[in-house]
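Asks: There's a structure below that I have some questions on.
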Amino acid sequence: MAAARSQAPDTEADIEIRRVLDAEPAQSFSVIAGAGSGKTTSLVKALAHVAASRGKQLRSRTQQVACITYTEIAAGEIFREVGSNPLVHVSTIHSFLWKVIAPFQKDIGIWVNDYIENRIKELKDKVKASNKRNSASAQSNLEKRLRQLEGAKVIKKWTYGVGADYARGVIGHADVISMVPSLLKSKALLARVVANRFPFIFVDESQDTDPKVLAALLHVHQLNPERICLGLFGDPMQRIHFGSSGELPSAHGWKTIQKPENFRSSLKVLEVINHIRAGADGLHQVSGLPDGQKIAGEAFFFTLSSESNRNKNLQLIRQWLDRHSASGPWSSDPPEGAKILLIMHKLAARRLGFENLYHAFHQQGAGSIGDSFDEGSAWPLTALTDDILPLCAGSLRDVPAAAVRRSGTALSDDLLKRVPVARAIQESREALRELRSVVLGGGQGSIERALRIAYDARLVTLDPRLAAFLDPANDNGATLSESTKLVLESLMACDIRELDGYIAYINRSSPYSTQHGTKGAEFSRVIVVLDDNEERWPLYSYEKLLGLRPLSATDRANASAGKETVLERTRKLLYVCASRAIESLAIVLYSEMPVEAADLLVKSGYATANEVVTQDELHRNNLCTDSNQI
């Protein structure tokens, strides 16, 4: 397993990557690798090649090859693939940035002090401008910031955690992303240290890398062009995060390497995704599979009225596919059945019953906390998903004391020195019984009731920010912005039973997902739902992409100004979704003009595999007994 990718047969891109890496000095490059191309394989092979060909030099200079990737899971997988070679440092963006800055404790302290002082100035202005209702909250946050500043001034050693706690010397996720790129660009010595320590830096999923991070790395390269080789592995067509870097750099002297192979999709699916990508760039994908492993596959197209019952229609479509597809079941739940990809998480939330939970984290001004919710890493939910729900699973007698000790302090060694063991266990059991009753009964506000029971009984240890919200009198130094308070207030009003659908969605055990939730994933059968009308999304429009609706004045102005347009964003979204399919793909388009949409799909070349199926076709196949329900 460890050497599976590094020993894979070479593609032309792999040979070209080795050629630029073997140059003196090594040439910086970007790899444009389409969906299913085996981008990670090329990345692993590049890492293994540098470690093997330049290992002696790297060891003599105590240097490493750095690989920056998106998640801890991906980092662990890549590190295992290179045989856990100590010459290769694989980490997430946050971890890499912390590794770079951790030795520079004095610079960290200066940055933190400047940051807090800027927040204090903002809060003082806010206190002056606030009305009576908001003044008390701003004053409270100001006082906490002042205490943070006093605490930060005496910190001798800074550490890194998920959330910031400056008074205790802890830097958070968001700080690292802001602080380190800023310091790399302002301090030439730090940039040189990075180039000396990591003469090769490879960035995975570079199209979604935070632009501040990518700009900082490019700055390091510009200051030290002979000392560092950057390798960016990505695909502009698969950019899924706004505010990310988007297009890969085409700086003078950089080598652009295309990897057109697709080792995932059947020929029919490949035909569709090539048609989607046509005109976007010069990459036309070809099957990289040996002739004996290529499969024809299937592609189906449906056009339905946007005024119809969407859930009923989708059920009928899956039943139709069960009858007409040769690739297997479509109406079963994953992993056997089809994956259904929607334009936004909100639509999945609506179908899986966690729409109120979704709205709590996506109200105006929620910012990054909404992104963490979509990714399954929102700190306000951690105690609920990781501690409270597991404590409430099974019967009461099945919960061992060890589980309570792991989650909270109700049975901690320190407490048991002061309270009889039997009494502590009895009190915990009673609190658990009350907690389970709330979790089982649910209802509006049950999330707040569950959290307060667990917090008051010390069954769980909460994030300091959540503890500060539930118990303002407990001064733990955590500060909460007004937008965060609004999120938490909305969260408290939610039904705890909504977490079941959310957890299934995040764990990919539900049929539904979005292009964000399937990054890098693949499924045998995929249904892509195109719908401009269930929710109005100004950033996307399938009907504009197909020519069913004209471009707006804003669309035309963006195109004239060279900005990314609604057509480009929608094309990327459709490409990412359709390219998840291994064997069979079904594209379902809802439109106010379904007949015209069917004609356009055929004329435009999308429906090259099968005829477009309409509502009338579903009716003719006797899959609906009452056409009014469709």
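Naming works like this for the structure tokens: A, B, ... for the chains as they're shown, residue 1 at the start of each chain, ligands 1 onward in shown order.
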Tell me which protein, DNA and RNA residues are within 10 Å of Val82 of chain A, counting only C-alpha atoms, leaving out same-chain ones fewer than 6 positions away, and put them as a JSON list (two decimals) with all heavy atoms, in the first residue's frame.
Replies:
```
[["chain", "number", "residue", "atom", "x", "y", "z"],
["A", 1, "MET", "N", 0.83, -1.21, 0.00],
["A", 1, "MET", "CA", 0.00, 0.00, 0.00],
["A", 1, "MET", "C", 0.86, 1.25, 0.00],
["A", 1, "MET", "O", 0.58, 2.22, -0.70],
["A", 1, "MET", "CB", -0.90, -0.02, 1.24],
["A", 1, "MET", "CG", -1.73, 1.25, 1.43],
["A", 1, "MET", "SD", -3.04, 1.36, 0.20],
["A", 1, "MET", "CE", -3.81, 2.88, 0.68],
["A", 2, "ALA", "N", 1.94, 1.27, 0.80],
["A", 2, "ALA", "CA", 2.75, 2.47, 0.94],
["A", 2, "ALA", "C", 3.34, 2.93, -0.38],
["A", 2, "ALA", "O", 3.54, 4.11, -0.60],
["A", 2, "ALA", "CB", 3.84, 2.25, 1.97],
["A", 3, "ALA", "N", 3.66, 1.99, -1.27],
["A", 3, "ALA", "CA", 4.33, 2.36, -2.51],
["A", 3, "ALA", "C", 3.42, 2.23, -3.72],
["A", 3, "ALA", "O", 3.88, 2.28, -4.85],
["A", 3, "ALA", "CB", 5.57, 1.49, -2.70],
["A", 4, "ALA", "N", 2.11, 2.06, -3.51],
["A", 4, "ALA", "CA", 1.20, 1.80, -4.62],
["A", 4, "ALA", "C", 1.24, 2.92, -5.66],
["A", 4, "ALA", "O", 1.37, 2.66, -6.86],
["A", 4, "ALA", "CB", -0.23, 1.61, -4.09],
["A", 5, "ARG", "N", 1.15, 4.15, -5.22],
["A", 5, "ARG", "CA", 1.12, 5.26, -6.17],
["A", 5, "ARG", "C", 2.50, 5.53, -6.75],
["A", 5, "ARG", "O", 2.63, 5.82, -7.94],
["A", 5, "ARG", "CB", 0.57, 6.51, -5.49],
["A", 5, "ARG", "CG", -0.95, 6.53, -5.33],
["A", 5, "ARG", "CD", -1.42, 7.93, -4.99],
["A", 5, "ARG", "NE", -2.87, 8.06, -5.10],
["A", 5, "ARG", "CZ", -3.71, 8.02, -4.08],
["A", 5, "ARG", "NH1", -3.25, 7.85, -2.86],
["A", 5, "ARG", "NH2", -5.01, 8.16, -4.27],
["A", 6, "SER", "N", 3.52, 5.48, -5.94],
["A", 6, "SER", "CA", 4.87, 5.82, -6.43],
["A", 6, "SER", "C", 5.34, 4.82, -7.48],
["A", 6, "SER", "O", 6.20, 5.13, -8.30],
["A", 6, "SER", "CB", 5.87, 5.89, -5.27],
["A", 6, "SER", "OG", 5.96, 4.64, -4.61],
["A", 44, "VAL", "N", 2.56, 12.29, -5.42],
["A", 44, "VAL", "CA", 3.34, 11.32, -4.65],
["A", 44, "VAL", "C", 4.62, 10.93, -5.40],
["A", 44, "VAL", "O", 5.71, 10.84, -4.81],
["A", 44, "VAL", "CB", 2.48, 10.07, -4.34],
["A", 44, "VAL", "CG1", 3.35, 8.92, -3.83],
["A", 44, "VAL", "CG2", 1.41, 10.41, -3.31],
["A", 45, "LYS", "N", 4.50, 10.71, -6.70],
["A", 45, "LYS", "CA", 5.66, 10.33, -7.50],
["A", 45, "LYS", "C", 6.71, 11.45, -7.51],
["A", 45, "LYS", "O", 7.91, 11.20, -7.47],
["A", 45, "LYS", "CB", 5.23, 9.97, -8.93],
["A", 45, "LYS", "CG", 4.47, 8.66, -9.02],
["A", 45, "LYS", "CD", 3.78, 8.49, -10.37],
["A", 45, "LYS", "CE", 4.75, 8.13, -11.46],
["A", 45, "LYS", "NZ", 5.26, 6.76, -11.33],
["A", 46, "ALA", "N", 6.24, 12.70, -7.55],
["A", 46, "ALA", "CA", 7.17, 13.83, -7.52],
["A", 46, "ALA", "C", 7.89, 13.91, -6.17],
["A", 46, "ALA", "O", 9.10, 14.14, -6.11],
["A", 46, "ALA", "CB", 6.41, 15.13, -7.79],
["A", 47, "LEU", "N", 7.16, 13.71, -5.08],
["A", 47, "LEU", "CA", 7.77, 13.72, -3.75],
["A", 47, "LEU", "C", 8.81, 12.60, -3.63],
["A", 47, "LEU", "O", 9.92, 12.82, -3.12],
["A", 47, "LEU", "CB", 6.68, 13.54, -2.68],
["A", 47, "LEU", "CG", 5.72, 14.71, -2.46],
["A", 47, "LEU", "CD1", 4.54, 14.26, -1.60],
["A", 47, "LEU", "CD2", 6.44, 15.87, -1.79],
["A", 48, "ALA", "N", 8.41, 11.41, -4.07],
["A", 48, "ALA", "CA", 9.32, 10.26, -3.97],
["A", 48, "ALA", "C", 10.58, 10.49, -4.82],
["A", 48, "ALA", "O", 11.69, 10.12, -4.41],
["A", 48, "ALA", "CB", 8.61, 8.99, -4.41],
["A", 49, "HIS", "N", 10.41, 11.11, -5.99],
["A", 49, "HIS", "CA", 11.56, 11.34, -6.87],
["A", 49, "HIS", "C", 12.55, 12.32, -6.24],
["A", 49, "HIS", "O", 13.77, 12.08, -6.28],
["A", 49, "HIS", "CB", 11.09, 11.88, -8.22],
["A", 49, "HIS", "CG", 12.21, 12.20, -9.16],
["A", 49, "HIS", "ND1", 12.96, 11.22, -9.78],
["A", 49, "HIS", "CD2", 12.74, 13.39, -9.56],
["A", 49, "HIS", "CE1", 13.89, 11.78, -10.53],
["A", 49, "HIS", "NE2", 13.78, 13.10, -10.41],
["A", 51, "ALA", "N", 12.92, 13.01, -3.04],
["A", 51, "ALA", "CA", 13.55, 12.38, -1.88],
["A", 51, "ALA", "C", 14.63, 11.39, -2.29],
["A", 51, "ALA", "O", 15.67, 11.28, -1.63],
["A", 51, "ALA", "CB", 12.48, 11.67, -1.05],
["A", 88, "VAL", "N", 10.37, 13.90, 3.79],
["A", 88, "VAL", "CA", 9.15, 14.52, 3.26],
["A", 88, "VAL", "C", 8.29, 14.98, 4.43],
["A", 88, "VAL", "O", 7.93, 14.18, 5.30],
["A", 88, "VAL", "CB", 8.37, 13.53, 2.38],
["A", 88, "VAL", "CG1", 7.10, 14.18, 1.85],
["A", 88, "VAL", "CG2", 9.23, 13.03, 1.24],
["A", 90, "VAL", "N", 4.69, 16.32, 5.20],
["A", 90, "VAL", "CA", 3.35, 16.47, 4.64],
["A", 90, "VAL", "C", 2.43, 17.00, 5.74],
["A", 90, "VAL", "O", 2.39, 16.43, 6.83],
["A", 90, "VAL", "CB", 2.80, 15.14, 4.10],
["A", 90, "VAL", "CG1", 1.50, 15.38, 3.32],
["A", 90, "VAL", "CG2", 3.83, 14.44, 3.22]]
```
Asks: Just the residues within 9 Å of Leu411 of chain A, please, counting only C-alpha atoms, with nothing from its chain fewer than 5 positions along; format it as a ChimeraX atom specification.
Replies: /A:401-402,404-405,416,421,424-425,428,458-459
Asks: Store the residues picked out above in a file with N, CA and C atoms, as a compact mmCIF listing (two decimals), in the first residue's frame.
Replies:
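And here's selection00.txt as it stands now:
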```txt
# COMPACT_ATOMS: atom_id res chain seq x y z
N ALA A 401 -18.37 4.78 33.26
CA ALA A 401 -17.83 6.00 33.87
C ALA A 401 -16.72 6.58 33.03
N ALA A 402 -16.00 5.72 32.31
CA ALA A 402 -14.88 6.20 31.49
C ALA A 402 -15.37 7.16 30.41
N VAL A 404 -17.95 9.23 30.62
CA VAL A 404 -18.22 10.50 31.27
C VAL A 404 -16.91 11.21 31.60
N ARG A 405 -15.92 10.46 32.03
CA ARG A 405 -14.63 11.05 32.37
C ARG A 405 -13.95 11.64 31.13
N LEU A 416 -13.36 13.65 42.62
CA LEU A 416 -13.58 12.48 43.47
C LEU A 416 -12.76 12.51 44.75
N VAL A 421 -17.50 8.86 45.85
CA VAL A 421 -17.64 8.29 44.51
C VAL A 421 -19.09 7.92 44.21
N ALA A 424 -21.14 10.98 43.39
CA ALA A 424 -20.80 11.55 42.09
C ALA A 424 -21.39 10.73 40.96
N ILE A 425 -21.31 9.40 41.07
CA ILE A 425 -21.87 8.52 40.04
C ILE A 425 -23.38 8.67 39.97
N SER A 428 -24.30 11.95 38.30
CA SER A 428 -24.04 11.88 36.86
C SER A 428 -25.11 11.06 36.16
N ARG A 458 -21.51 19.07 34.39
CA ARG A 458 -20.10 18.83 34.03
C ARG A 458 -19.93 17.48 33.31
N LEU A 459 -20.95 17.10 32.54
CA LEU A 459 -20.84 15.87 31.76
C LEU A 459 -19.94 16.06 30.54
```
Asks: Which neighbours of segment 541-557 of chain A fall inside 12 Å, counting only C-alpha atoms, when residues of the same chain fewer than 6 positions from it are skipped, and could you give them as a PyMOL selection string?
Replies: chain A and resi 276+303+306+343+528-535+563-575+587-606
Asks: Report the residues of segment 368-529 of chain A whose backbone DSSP state falls under alpha helix (DSSP H), written as a ChimeraX atom specification.
Replies: /A:368-375,379-382,389-391,401-407,413-416,421-441,446-456,464-470,482-492,498-506
Asks: Quick one: residues within 10 Å of Ala326 of chain A, only C-alpha atoms counted, chain neighbours fewer than 5 positions away excluded, as JSON, numbers by chain?
Replies: {"A": [297, 298, 321, 583, 584]}
Asks: From a backbone DSSP assignment, name each residue in segment 226-405 of chain A labelled strand (DSSP E), as a PyMOL selection string.
Replies: chain A and resi 229-234+255-259+261-262+286-287+298-305+339-342
Asks: Write a file of the selected residues as a CSV table (one decimal), in the first residue's frame, keeping N, CA and C atoms.
Replies:
```
chain,number,residue,atom,x,y,z
A,229,CYS,N,12.0,25.6,-5.2
A,229,CYS,CA,11.2,25.2,-6.3
A,229,CYS,C,9.7,25.0,-5.8
A,230,LEU,N,8.8,25.7,-6.4
A,230,LEU,CA,7.4,25.5,-6.1
A,230,LEU,C,6.7,24.6,-7.1
A,231,GLY,N,5.9,23.7,-6.6
A,231,GLY,CA,5.1,22.8,-7.5
A,231,GLY,C,3.7,22.9,-7.1
A,232,LEU,N,2.8,23.5,-8.0
A,232,LEU,CA,1.4,23.6,-7.7
A,232,LEU,C,0.6,22.6,-8.5
A,233,PHE,N,-0.1,21.8,-7.8
A,233,PHE,CA,-0.9,20.7,-8.4
A,233,PHE,C,-2.4,21.0,-8.2
A,234,GLY,N,-3.1,21.2,-9.3
A,234,GLY,CA,-4.5,21.6,-9.2
A,234,GLY,C,-5.2,21.6,-10.5
A,255,LYS,N,6.9,26.4,-15.6
A,255,LYS,CA,6.5,25.3,-16.6
A,255,LYS,C,5.1,24.9,-16.3
A,256,THR,N,4.2,25.0,-17.3
A,256,THR,CA,2.8,24.5,-17.1
A,256,THR,C,2.7,23.1,-17.7
A,257,ILE,N,2.3,22.1,-16.9
A,257,ILE,CA,2.2,20.7,-17.4
A,257,ILE,C,0.7,20.3,-17.3
A,258,GLN,N,0.2,19.8,-18.4
A,258,GLN,CA,-1.2,19.3,-18.4
A,258,GLN,C,-1.2,17.8,-18.2
A,259,LYS,N,-2.2,17.3,-17.5
A,259,LYS,CA,-2.3,15.9,-17.3
A,259,LYS,C,-3.8,15.5,-17.8
A,261,GLU,N,-5.2,12.7,-18.8
A,261,GLU,CA,-5.8,11.4,-18.6
A,261,GLU,C,-6.9,11.4,-17.6
A,262,ASN,N,-7.9,10.6,-17.8
A,262,ASN,CA,-8.9,10.3,-16.8
A,262,ASN,C,-9.0,8.8,-16.5
A,286,VAL,N,-8.8,12.4,-21.9
A,286,VAL,CA,-8.9,11.1,-22.6
A,286,VAL,C,-8.8,10.0,-21.5
A,287,SER,N,-9.4,8.9,-21.8
A,287,SER,CA,-9.4,7.8,-20.9
A,287,SER,C,-7.9,7.3,-20.7
A,298,GLU,N,-23.0,5.0,-19.1
A,298,GLU,CA,-24.3,5.5,-19.5
A,298,GLU,C,-24.4,7.0,-19.1
A,299,ALA,N,-25.2,7.7,-19.8
A,299,ALA,CA,-25.5,9.1,-19.5
A,299,ALA,C,-27.0,9.4,-19.8
A,300,PHE,N,-27.7,9.9,-18.9
A,300,PHE,CA,-29.1,10.1,-19.0
A,300,PHE,C,-29.4,11.6,-18.7
A,301,PHE,N,-30.4,12.2,-19.4
A,301,PHE,CA,-30.8,13.6,-19.2
A,301,PHE,C,-32.3,13.7,-19.0
A,302,PHE,N,-32.7,14.5,-18.0
A,302,PHE,CA,-34.1,14.7,-17.7
A,302,PHE,C,-34.4,16.2,-17.7
A,303,THR,N,-35.5,16.6,-18.3
A,303,THR,CA,-35.9,18.0,-18.1
A,303,THR,C,-37.3,18.0,-17.6
A,304,LEU,N,-37.5,18.7,-16.5
A,304,LEU,CA,-38.8,18.7,-15.8
A,304,LEU,C,-39.2,20.2,-15.4
A,305,SER,N,-40.5,20.4,-15.2
A,305,SER,CA,-41.0,21.7,-14.9
A,305,SER,C,-40.6,22.1,-13.5
A,339,LYS,N,-25.5,8.7,-5.8
A,339,LYS,CA,-25.3,9.9,-5.0
A,339,LYS,C,-26.0,11.0,-5.8
A,340,ILE,N,-26.7,11.9,-5.0
A,340,ILE,CA,-27.5,13.0,-5.6
A,340,ILE,C,-26.8,14.3,-5.3
A,341,LEU,N,-26.3,15.0,-6.3
A,341,LEU,CA,-25.5,16.2,-6.0
A,341,LEU,C,-26.4,17.5,-6.3
A,342,LEU,N,-26.5,18.4,-5.4
A,342,LEU,CA,-27.3,19.6,-5.4
A,342,LEU,C,-26.4,20.8,-5.5
```
Asks: If you count only C-alpha atoms, which residues fall within 12 Å of Ser182 of chain A, apart from same-chain ones fewer than 3 positions away, as a compact mmCIF listing (two decimals) with all heavy atoms, in the first residue's frame?
Replies:
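The result, written out as out_13.txt:
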```
# COMPACT_ATOMS: atom_id res chain seq x y z
N LEU A 97 2.07 26.28 8.09
CA LEU A 97 2.33 27.67 8.46
C LEU A 97 2.80 27.77 9.91
O LEU A 97 3.69 28.58 10.23
CB LEU A 97 1.08 28.52 8.24
CG LEU A 97 0.63 28.69 6.78
CD1 LEU A 97 -0.66 29.50 6.71
CD2 LEU A 97 1.71 29.34 5.93
N ILE A 101 6.41 29.29 11.43
CA ILE A 101 6.49 30.46 12.31
C ILE A 101 6.82 30.13 13.75
O ILE A 101 7.28 31.01 14.51
CB ILE A 101 5.15 31.25 12.24
CG1 ILE A 101 5.35 32.71 12.69
CG2 ILE A 101 4.08 30.57 13.08
CD1 ILE A 101 6.28 33.50 11.82
N ASP A 107 8.33 37.38 17.08
CA ASP A 107 7.50 37.94 16.01
C ASP A 107 6.03 37.59 16.23
O ASP A 107 5.14 38.41 15.92
CB ASP A 107 7.97 37.41 14.66
CG ASP A 107 9.33 37.95 14.28
OD1 ASP A 107 9.48 39.18 14.21
OD2 ASP A 107 10.25 37.14 14.07
N ILE A 108 5.77 36.39 16.74
CA ILE A 108 4.39 36.01 17.03
C ILE A 108 3.80 36.95 18.08
O ILE A 108 2.69 37.46 17.94
CB ILE A 108 4.31 34.54 17.52
CG1 ILE A 108 4.73 33.58 16.42
CG2 ILE A 108 2.88 34.22 17.99
CD1 ILE A 108 4.85 32.14 16.88
N TRP A 111 3.00 40.35 16.65
CA TRP A 111 1.80 40.31 15.80
C TRP A 111 0.54 40.23 16.66
O TRP A 111 -0.44 40.95 16.39
CB TRP A 111 1.86 39.11 14.86
CG TRP A 111 0.73 39.07 13.89
CD1 TRP A 111 0.67 39.62 12.65
CD2 TRP A 111 -0.56 38.46 14.10
NE1 TRP A 111 -0.55 39.39 12.07
CE2 TRP A 111 -1.33 38.68 12.93
CE3 TRP A 111 -1.14 37.74 15.15
CZ2 TRP A 111 -2.63 38.21 12.79
CZ3 TRP A 111 -2.45 37.29 15.02
CH2 TRP A 111 -3.18 37.52 13.85
N ASP A 175 -5.88 32.89 12.96
CA ASP A 175 -4.67 33.70 13.18
C ASP A 175 -3.53 33.25 12.28
O ASP A 175 -2.81 34.07 11.70
CB ASP A 175 -4.22 33.62 14.64
CG ASP A 175 -5.26 34.15 15.59
OD1 ASP A 175 -5.84 35.20 15.30
OD2 ASP A 175 -5.49 33.52 16.64
N VAL A 176 -3.35 31.94 12.19
CA VAL A 176 -2.23 31.40 11.43
C VAL A 176 -2.34 31.80 9.95
O VAL A 176 -1.35 32.21 9.33
CB VAL A 176 -2.18 29.86 11.58
CG1 VAL A 176 -1.20 29.25 10.60
CG2 VAL A 176 -1.78 29.49 13.00
N ILE A 177 -3.55 31.70 9.41
CA ILE A 177 -3.75 32.05 8.00
C ILE A 177 -3.49 33.53 7.74
O ILE A 177 -3.02 33.91 6.66
CB ILE A 177 -5.18 31.67 7.56
CG1 ILE A 177 -5.32 30.15 7.46
CG2 ILE A 177 -5.54 32.30 6.23
CD1 ILE A 177 -4.57 29.53 6.32
N SER A 178 -3.78 34.39 8.71
CA SER A 178 -3.55 35.83 8.54
C SER A 178 -2.12 36.21 8.89
O SER A 178 -1.49 37.01 8.18
CB SER A 178 -4.52 36.62 9.42
OG SER A 178 -5.84 36.42 9.03
N MET A 179 -1.60 35.66 9.98
CA MET A 179 -0.32 36.09 10.52
C MET A 179 0.86 35.66 9.66
O MET A 179 1.71 36.49 9.28
CB MET A 179 -0.14 35.53 11.93
CG MET A 179 1.24 35.77 12.54
SD MET A 179 1.35 35.14 14.23
CE MET A 179 1.04 33.39 13.98
N LYS A 185 5.76 38.05 3.96
CA LYS A 185 5.89 39.12 2.96
C LYS A 185 6.59 40.36 3.51
O LYS A 185 7.15 41.14 2.76
CB LYS A 185 4.50 39.49 2.43
CG LYS A 185 3.82 38.36 1.66
CD LYS A 185 2.48 38.75 1.11
CE LYS A 185 2.60 39.64 -0.09
NZ LYS A 185 1.28 39.89 -0.75
N SER A 186 6.58 40.53 4.83
CA SER A 186 7.19 41.73 5.41
C SER A 186 8.60 41.49 5.95
O SER A 186 9.33 42.45 6.20
CB SER A 186 6.31 42.27 6.54
OG SER A 186 6.22 41.33 7.61
N LYS A 187 8.99 40.24 6.12
CA LYS A 187 10.30 39.93 6.70
C LYS A 187 11.09 39.04 5.74
O LYS A 187 10.85 37.83 5.65
CB LYS A 187 10.14 39.25 8.06
CG LYS A 187 9.48 40.17 9.10
CD LYS A 187 9.40 39.51 10.46
CE LYS A 187 8.81 40.47 11.48
NZ LYS A 187 9.69 41.64 11.73
N ALA A 188 12.04 39.65 5.03
CA ALA A 188 12.84 38.92 4.04
C ALA A 188 13.64 37.79 4.68
O ALA A 188 13.85 36.74 4.07
CB ALA A 188 13.78 39.88 3.32
N LEU A 190 12.76 35.88 7.24
CA LEU A 190 11.87 34.74 7.44
C LEU A 190 11.63 34.01 6.12
O LEU A 190 11.63 32.78 6.07
CB LEU A 190 10.54 35.21 8.04
CG LEU A 190 9.47 34.14 8.26
CD1 LEU A 190 9.97 33.03 9.17
CD2 LEU A 190 8.20 34.76 8.84
N ALA A 191 11.44 34.76 5.03
CA ALA A 191 11.24 34.15 3.71
C ALA A 191 12.45 33.32 3.32
O ALA A 191 12.32 32.22 2.76
CB ALA A 191 10.98 35.23 2.67
N PRO A 211 -5.72 32.66 -1.11
CA PRO A 211 -4.85 33.52 -1.92
C PRO A 211 -3.74 34.18 -1.12
O PRO A 211 -2.67 34.45 -1.67
CB PRO A 211 -5.83 34.56 -2.50
CG PRO A 211 -7.05 34.47 -1.67
CD PRO A 211 -7.14 33.07 -1.17
N LYS A 212 -3.98 34.44 0.17
CA LYS A 212 -2.92 35.04 0.99
C LYS A 212 -1.75 34.08 1.13
O LYS A 212 -0.58 34.48 1.09
CB LYS A 212 -3.46 35.40 2.38
CG LYS A 212 -4.53 36.47 2.40
CD LYS A 212 -4.86 36.92 3.81
CE LYS A 212 -5.47 35.84 4.67
NZ LYS A 212 -6.81 35.44 4.24
N VAL A 213 -2.07 32.80 1.28
CA VAL A 213 -1.02 31.79 1.44
C VAL A 213 -0.23 31.62 0.14
O VAL A 213 1.01 31.60 0.14
CB VAL A 213 -1.62 30.44 1.88
CG1 VAL A 213 -0.55 29.35 1.92
CG2 VAL A 213 -2.29 30.58 3.24
N LEU A 214 -0.96 31.51 -0.97
CA LEU A 214 -0.29 31.33 -2.25
C LEU A 214 0.57 32.55 -2.59
O LEU A 214 1.70 32.41 -3.07
CB LEU A 214 -1.31 31.07 -3.36
CG LEU A 214 -0.72 30.61 -4.70
CD1 LEU A 214 0.10 29.35 -4.54
CD2 LEU A 214 -1.83 30.39 -5.72
N ALA A 215 0.04 33.74 -2.34
CA ALA A 215 0.80 34.96 -2.60
C ALA A 215 2.08 35.00 -1.77
O ALA A 215 3.13 35.43 -2.25
CB ALA A 215 -0.05 36.19 -2.32
N ALA A 216 2.00 34.54 -0.53
CA ALA A 216 3.19 34.52 0.33
C ALA A 216 4.23 33.55 -0.19
O ALA A 216 5.43 33.84 -0.20
CB ALA A 216 2.79 34.16 1.76
N LEU A 217 3.80 32.37 -0.65
CA LEU A 217 4.73 31.39 -1.20
C LEU A 217 5.39 31.92 -2.48
O LEU A 217 6.59 31.73 -2.70
CB LEU A 217 4.02 30.07 -1.47
CG LEU A 217 3.53 29.29 -0.24
CD1 LEU A 217 2.75 28.05 -0.67
CD2 LEU A 217 4.72 28.88 0.63
N HIS A 219 5.88 35.00 -3.13
CA HIS A 219 6.80 36.04 -2.68
C HIS A 219 8.13 35.43 -2.22
O HIS A 219 9.20 35.94 -2.55
CB HIS A 219 6.16 36.83 -1.54
CG HIS A 219 7.02 37.93 -1.00
ND1 HIS A 219 7.25 39.11 -1.68
CD2 HIS A 219 7.75 38.02 0.16
CE1 HIS A 219 8.05 39.89 -0.97
NE2 HIS A 219 8.36 39.25 0.15
N VAL A 220 8.03 34.33 -1.47
CA VAL A 220 9.24 33.62 -1.03
C VAL A 220 10.05 33.18 -2.24
O VAL A 220 11.29 33.31 -2.28
CB VAL A 220 8.88 32.41 -0.15
CG1 VAL A 220 10.13 31.56 0.14
CG2 VAL A 220 8.25 32.87 1.15
```
Asks: Between A:Ile453, A:Val269, A:Ile68, A:Ala129, which one has atoms that come closest to Thr209 of chain A, using only C-alpha atoms?
Replies: A:Ile68
Asks: Report as a VMD selection string all protein, DNA and RNA residues lying within 9 Å of segment 57-62 of chain A, evaluated on only C-alpha atoms, omitting residues in the same chain fewer than 2 positions from it.
Replies: chain A and resid 51 53 to 55 64 to 65 87 196 to 197 199
Asks: When you count only C-alpha atoms, which of these residues is closest to Ser513 of chain A: A:Ala348, A:Val613, A:Leu539, A:Leu618?
Replies: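 So, comparing all the options, the nearest one is A:Ala348.
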Asks: Tell me which protein, DNA and RNA residues are within 8 Å of Tyr358 of chain A, counting only C-alpha atoms, leaving out same-chain ones fewer than 5 positions away, and put them as a list in words.
Replies: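 These residues fall inside the cut-off: Lys346, Ala349 and Phe373 of chain A.
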